[in-house]
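Report on one structure; see the data block that follows.
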Amino acid sequence: MTRGTTLLVLFALTVVGQALTPTTVLTTVDQARLKAVFENARPFTDLASAHYSILGLKLLGAQIPNTHDNCNYVKSAVDYKSPESLYYASAATKALGNCQLSNSNAQNTLQAAIKDGVDVPTLFFVVSALTNLGLPVNSNEVVNALTEALKTDDSILSGSMALHIAAQLSKETDVKVIFESIEDLVAQADEVGEKYLQFEGDLGLTSFFVVGAYRLAGQQNKAPLIMEDQAVKFANYLLSRKHVQSPKNAYDVAAGLSTLGNNKYHIPVCITRESSMTVSSAQSKVQVRVSNVMSGALGKLTVKADSAERKEDGAVVLSNSALTAVAKDNTLYELDFLKTKAGRGFYTIEFSVAADKPDSRLIGLSGAQVEVKVVTTVNVEEVELSLEDKDQSTPPRVTKVQYPQKTGSNLAGDHHQNLVMKFLLKDKADNSAMEAHQAFVRLTNKRTKQEVIFVAEADDDHVYKFELDIGASAKEHFNSLSGLYAMDLVVGDALIQNPFAWNVADLQLKFPEDSATSEEKPNLYQPREEIKHMFREPEVRPPATVSTAFTGLVLLPVLILLGLWIKLGVNIANFPLSLSAIGFHIGLGSILVLYYLFFVQLNMFDTLKYLAILGTLTFLAGNRLLGSIANKR
Amino acid sequence: MATSQANVFTVVSKFYDEYVTTTPQRLKIIDAYLAYIMLTGIFQFGYCLLVGTFPFNSFLSGFISCVASFVLGVCLRVQVNPQNRKDFLHISPERAFADFVFAHIILHLVVMNFIG
């Protein structure tokens with residue numbers, strides 16, 4: 001089982017590890033930009049940015065301006081009671097050179113800080129500050145405290161800090177456990193797209209780990225347990241973050257990359273194209289820069305182009321060609337690409353590098369790819385213009401034109417003819433027929449400047465043909481505007497050095513409908529007709545007489561009712577003149593009046609309010625009245 | 001044909017005579033009222049058929065007012081009829097009338113609201 005997995009891992013590594021090279025490089029332009037970030041940190045606002053700015057400039061080999069002011073700032077900003085502050089200050093003063101902190105004050109704080117239960121960051125600040133200031137460090141005490149602290153703290157930051165601490169202790173100290181933790185820490189890194197390796201997406205953490213791991217490896221004289229492709233992936237991640245703006249981030253990029261540019265175990269080799277992508281007869285050499293990640297030279301190298309493959313059809317045009325070193329720059333190598341007699345096209349060139357003096361540190365030596373395109377000049381030949389009658393009654397008149405001339409006289413065509421143009425595009429380099437991405441025929445009305453563009457298509461022999469049915473296309477393309485048209489042939493392509501627009505001829509075109517009936521196309525950008533808003537039409541109502549008549553008709557039954565009641569002999573005489581009787585009837589009447597007022601004026605709430613009052617009164621009266629009637633019965 | 005016509009006519013006139021003689025006066029008053037309501041409703045409906053349903057809410061409220069008044073009148077008649085005494089032992093005619101008035105008050109409030 002384990003043997004199988006080991007084989008699988010080895011197989012995967014051989015497949016992947018060979019092809020992995022750095023994606024780009026920290027060019028001199030990038031380094032200048034980082035230097036500008038450091039310089040712009042002045043005037044310093046806090047000790048940390050001062051620390052990063054000073055150390056960053058030193059790392060990139062730049063002059064640190066105003067050394068005396070820097071020293072004064074650091075001395076005034078340091079807090080002698082804080083190990084972290086002492087760490088920043090001591091590193092800055094060490095980089096500045098002739099700047100001194102108060103060692104006795106520092107020593108008191110720092111040595112008092114190493115006590116039971118100290119955490120890893122404090123240990124890191126203390127040990128680093130003591131080492132920077134040149135003060136003695138009790139290595140055994142530190143190692144014990146560190147081991148103790150790491151038992152409860154297994155974060156990646158603390159693990160990386162442990163590497164830095166161990167690298168600063170005396171050589172005799174036993175830091176094997178910490179050294180072997182490098183492998184565990186790398187296992188916790190996240191891989192992105194098989195190209196990048198980083199910790200939690202954090203630039204600072206990744207850079208800190210890389211610097212610490214190689215620092216400890218250098219001190220212990222043992223190769224860190226980081227695989228070659230992992231080192232390249234770390235480099236790729238740091239390179240991908242090179243466009244940062246703050247001093248801390250810029251320092252992280254510079255520190256990580258300068259470690260990977262110069263250490264005893266892994267130096268990724270970067271190959272980038274230095275010349276322009278276009279290869280032509282005027283500029284036939286492809287130049288590449290072979291360097292470490294900091295654009296630094298790697299000594300004498302043999303650089304070979306293993307293969308160059310054309311993208312269109314996969315043809316391989318060269319193999320195993322050595323590049324020659326450029327005299328002035330010891331990182332530049334060049335190859336005369338046109339010696340391969342490659343035709344026009346897009347090419348991917350793959351390189352491999354070997355050091356003249358074998359250097360086991362160099363990694364990413366093969367598989368680097370660079371893209372170029374070979375362009376050519378195009379000639380247009382065998383141009384023939386002809387106007388054919390649609391019914392083929394008369395033979396067509398053929399006019400031959402030579403580029404870049406124009407036809408002597410204007411051609412005249414009308415709606416019962418076809419205009420035909422044939423031409424051939426030839427690659428000047430090998431005189432073969434070719435096709436271009438853009439082969440257009442443009443007709444411009446000389447008076448109105450309106451253009452119409454047609455596409456010319458090539459047949460299997462690469463002969464281009466353009467056919468225009470003058471009658472049929474009149475309406476759609478020309479708006480039936482007869483007149484003089486300029487005819488241009490427009491040819492262009494990514495691989496053509498001399499794209500052109502050539503006025504072949506002037507055409508006098510006559511269309512069936514004359515301009516007398518030409519309609520103005522409605523201009524889209526003028527104001528349109530105003531739309532009048534139509535309010536909702538009122539519903540159809542019956543005439544007033546009809547509704548009045550029916551109102552009367554509806555009220556008629558009341559009279560009928562009264563008549564019937566009188567006939568039946570309603571008993572009005574027996575009306576008891578008691579309070580409750582009168583009250584009841586008045587109450588009912590008032591409720592009806594209230595309803596009329598509700599219809600005319602009041603809202604529901606008011607009505608309900610009044611109704612409550614009137615209704616109560618009516619109820620009391622009615623109750624009394626009906627009760628008395630019932631009793632009388 | 002003549003006999004069936006005569007039959008219908010005799011039935012109707014007999015019914016009418018019996019109605020006039022046997023029905024107490026109270027019920028006749030109520031019946032007159034019901035006839036009035038029905039006529040009003042028929043006229044309203046005829047108007048709607050003639051000129052269309054606009055405004056619909058007014059038509060509805062008027063028509064339903066007639067229908068509901070008719071129904072309440074019928075209820076009153078049923079409850080007041082001495083022949084139905086044993087069905088309504090606990091409801092005196094005065095109580096029935098009071099219910100009638102109360103229902104009408106609410107009905108007319110709703111109708112006035114809906115008539116727009």
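Lettering and numbering for the structure tokens are positional, with chains as A, B, ... in the shown order, residues counted from 1 in each chain, and ligands counted from 1 in the shown order.
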
**Study point:** Residues of chain A within 8 Å of chain B, counting only C-alpha atoms, as a ChimeraX atom specification
**Key:** /A:539,541-542,550,553-555,557-558,560-561,564-565,568,570,591,595-596,598-599,604,622,626-627,629-630

Practice item. Find the residues around Phe423 of chain A up to 9 Å (only C-alpha atoms counted), leave out those fewer than 4 positions away in its own chain, and share them as a list in words. Key: Val380, Glu381, Glu382, Val383, Glu384, Leu385, Val463, Tyr464, Lys465 and Phe466 of chain A

For the residues selected in the previous step, produce a file with N, CA and C atoms as a PDB file, in the first residue's frame.
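The result, written out as result14.pdb:
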ATOM      1  N   VAL A 380      -0.820  41.704 -53.541  1.00  0.00           N
ATOM      2  CA  VAL A 380      -2.082  41.331 -54.180  1.00  0.00           C
ATOM      3  C   VAL A 380      -1.854  41.330 -55.686  1.00  0.00           C
ATOM      4  N   GLU A 381      -2.225  40.240 -56.308  1.00  0.00           N
ATOM      5  CA  GLU A 381      -1.927  40.058 -57.731  1.00  0.00           C
ATOM      6  C   GLU A 381      -3.160  39.584 -58.468  1.00  0.00           C
ATOM      7  N   GLU A 382      -3.055  39.647 -59.783  1.00  0.00           N
ATOM      8  CA  GLU A 382      -4.095  39.100 -60.664  1.00  0.00           C
ATOM      9  C   GLU A 382      -5.449  39.677 -60.335  1.00  0.00           C
ATOM     10  N   VAL A 383      -5.478  41.007 -60.210  1.00  0.00           N
ATOM     11  CA  VAL A 383      -6.753  41.644 -59.888  1.00  0.00           C
ATOM     12  C   VAL A 383      -7.511  41.864 -61.178  1.00  0.00           C
ATOM     13  N   GLU A 384      -8.749  41.366 -61.216  1.00  0.00           N
ATOM     14  CA  GLU A 384      -9.575  41.519 -62.413  1.00  0.00           C
ATOM     15  C   GLU A 384     -10.918  42.054 -62.021  1.00  0.00           C
ATOM     16  N   LEU A 385     -11.345  43.111 -62.696  1.00  0.00           N
ATOM     17  CA  LEU A 385     -12.682  43.666 -62.479  1.00  0.00           C
ATOM     18  C   LEU A 385     -13.486  43.414 -63.728  1.00  0.00           C
ATOM     19  N   VAL A 463      -8.246  31.760 -54.283  1.00  0.00           N
ATOM     20  CA  VAL A 463      -8.556  32.881 -55.181  1.00  0.00           C
ATOM     21  C   VAL A 463      -9.772  33.591 -54.609  1.00  0.00           C
ATOM     22  N   TYR A 464      -9.622  34.880 -54.361  1.00  0.00           N
ATOM     23  CA  TYR A 464     -10.733  35.645 -53.777  1.00  0.00           C
ATOM     24  C   TYR A 464     -11.658  36.112 -54.876  1.00  0.00           C
ATOM     25  N   LYS A 465     -12.948  36.042 -54.582  1.00  0.00           N
ATOM     26  CA  LYS A 465     -13.926  36.504 -55.568  1.00  0.00           C
ATOM     27  C   LYS A 465     -14.977  37.336 -54.849  1.00  0.00           C
ATOM     28  N   PHE A 466     -15.309  38.482 -55.461  1.00  0.00           N
ATOM     29  CA  PHE A 466     -16.362  39.331 -54.903  1.00  0.00           C
ATOM     30  C   PHE A 466     -17.372  39.577 -55.999  1.00  0.00           C
TER      31      PHE A 466
END

Point to revise | Close residues, Gln369 of chain A itself excluded, 12 Å, only C-alpha atoms, min 5 positions apart in chain, as a PyMOL selection string | key: chain A and resi 19-24+270-273+288+304-309+347-352+364

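Taking only C-alpha atoms into account, Gln245 of chain A lies nearest to A:Arg33 out of the set A:Arg33, A:Arg528, A:Lys151, A:Arg42.
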
Check your understanding: Within 9 Å of Thr259 of chain A, counting only C-alpha atoms, which residues qualify if same-chain residues fewer than 5 places away don't, as a list in words?
Key ->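 Surrounding residues, per the criterion: Val210, Val211, Tyr214, Arg215, Ala254 and Ile267 of chain A.
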
Point to revise | Tyr485 of chain A environment, 12 Å, only C-alpha atoms, sequence neighbours closer than 5 positions dropped, as number ranges by chain | key: A: 410-413, 441-452, 478, 503-510

Review point. Hey, what's within 9 Å of Asn72 of chain A if we count only C-alpha atoms and toss same-chain stuff fewer than 5 positions away? As number ranges by chain, please?
Key: A: 67, 77, 99

Residues from the last selection, C-alpha atoms, saved as a tab-separated table (two decimals), in the first residue's frame:
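Writing the result to result_37.tsv gives the following:
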chain	number	residue	atom	x	y	z
A	67	THR	CA	20.45	58.13	7.14
A	77	ALA	CA	9.93	56.14	18.19
A	99	CYS	CA	23.00	53.97	14.59

Point to revise | DSSP alpha helix (DSSP H) residues within segment 128-199 of chain A, as a PyMOL selection string | key: chain A and resi 128-133+139-152+156-167+176-187

**Study point:** atom CA of Val317 of chain A to atom CA of His437 of chain A, straight-line distance in Å
**Key:**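 Computing the Euclidean distance for atom CA of His437 of chain A and atom CA of Val317 of chain A yields 23.5 Å.
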
**Study point:** Close residues, Glu39 of chain A itself excluded, 10 Å, only C-alpha atoms, min 4 positions apart in chain, as an MDAnalysis selection string
**Key:** chainID A and resid 33:35 43:44 50 53:54 56:57 64:65 247
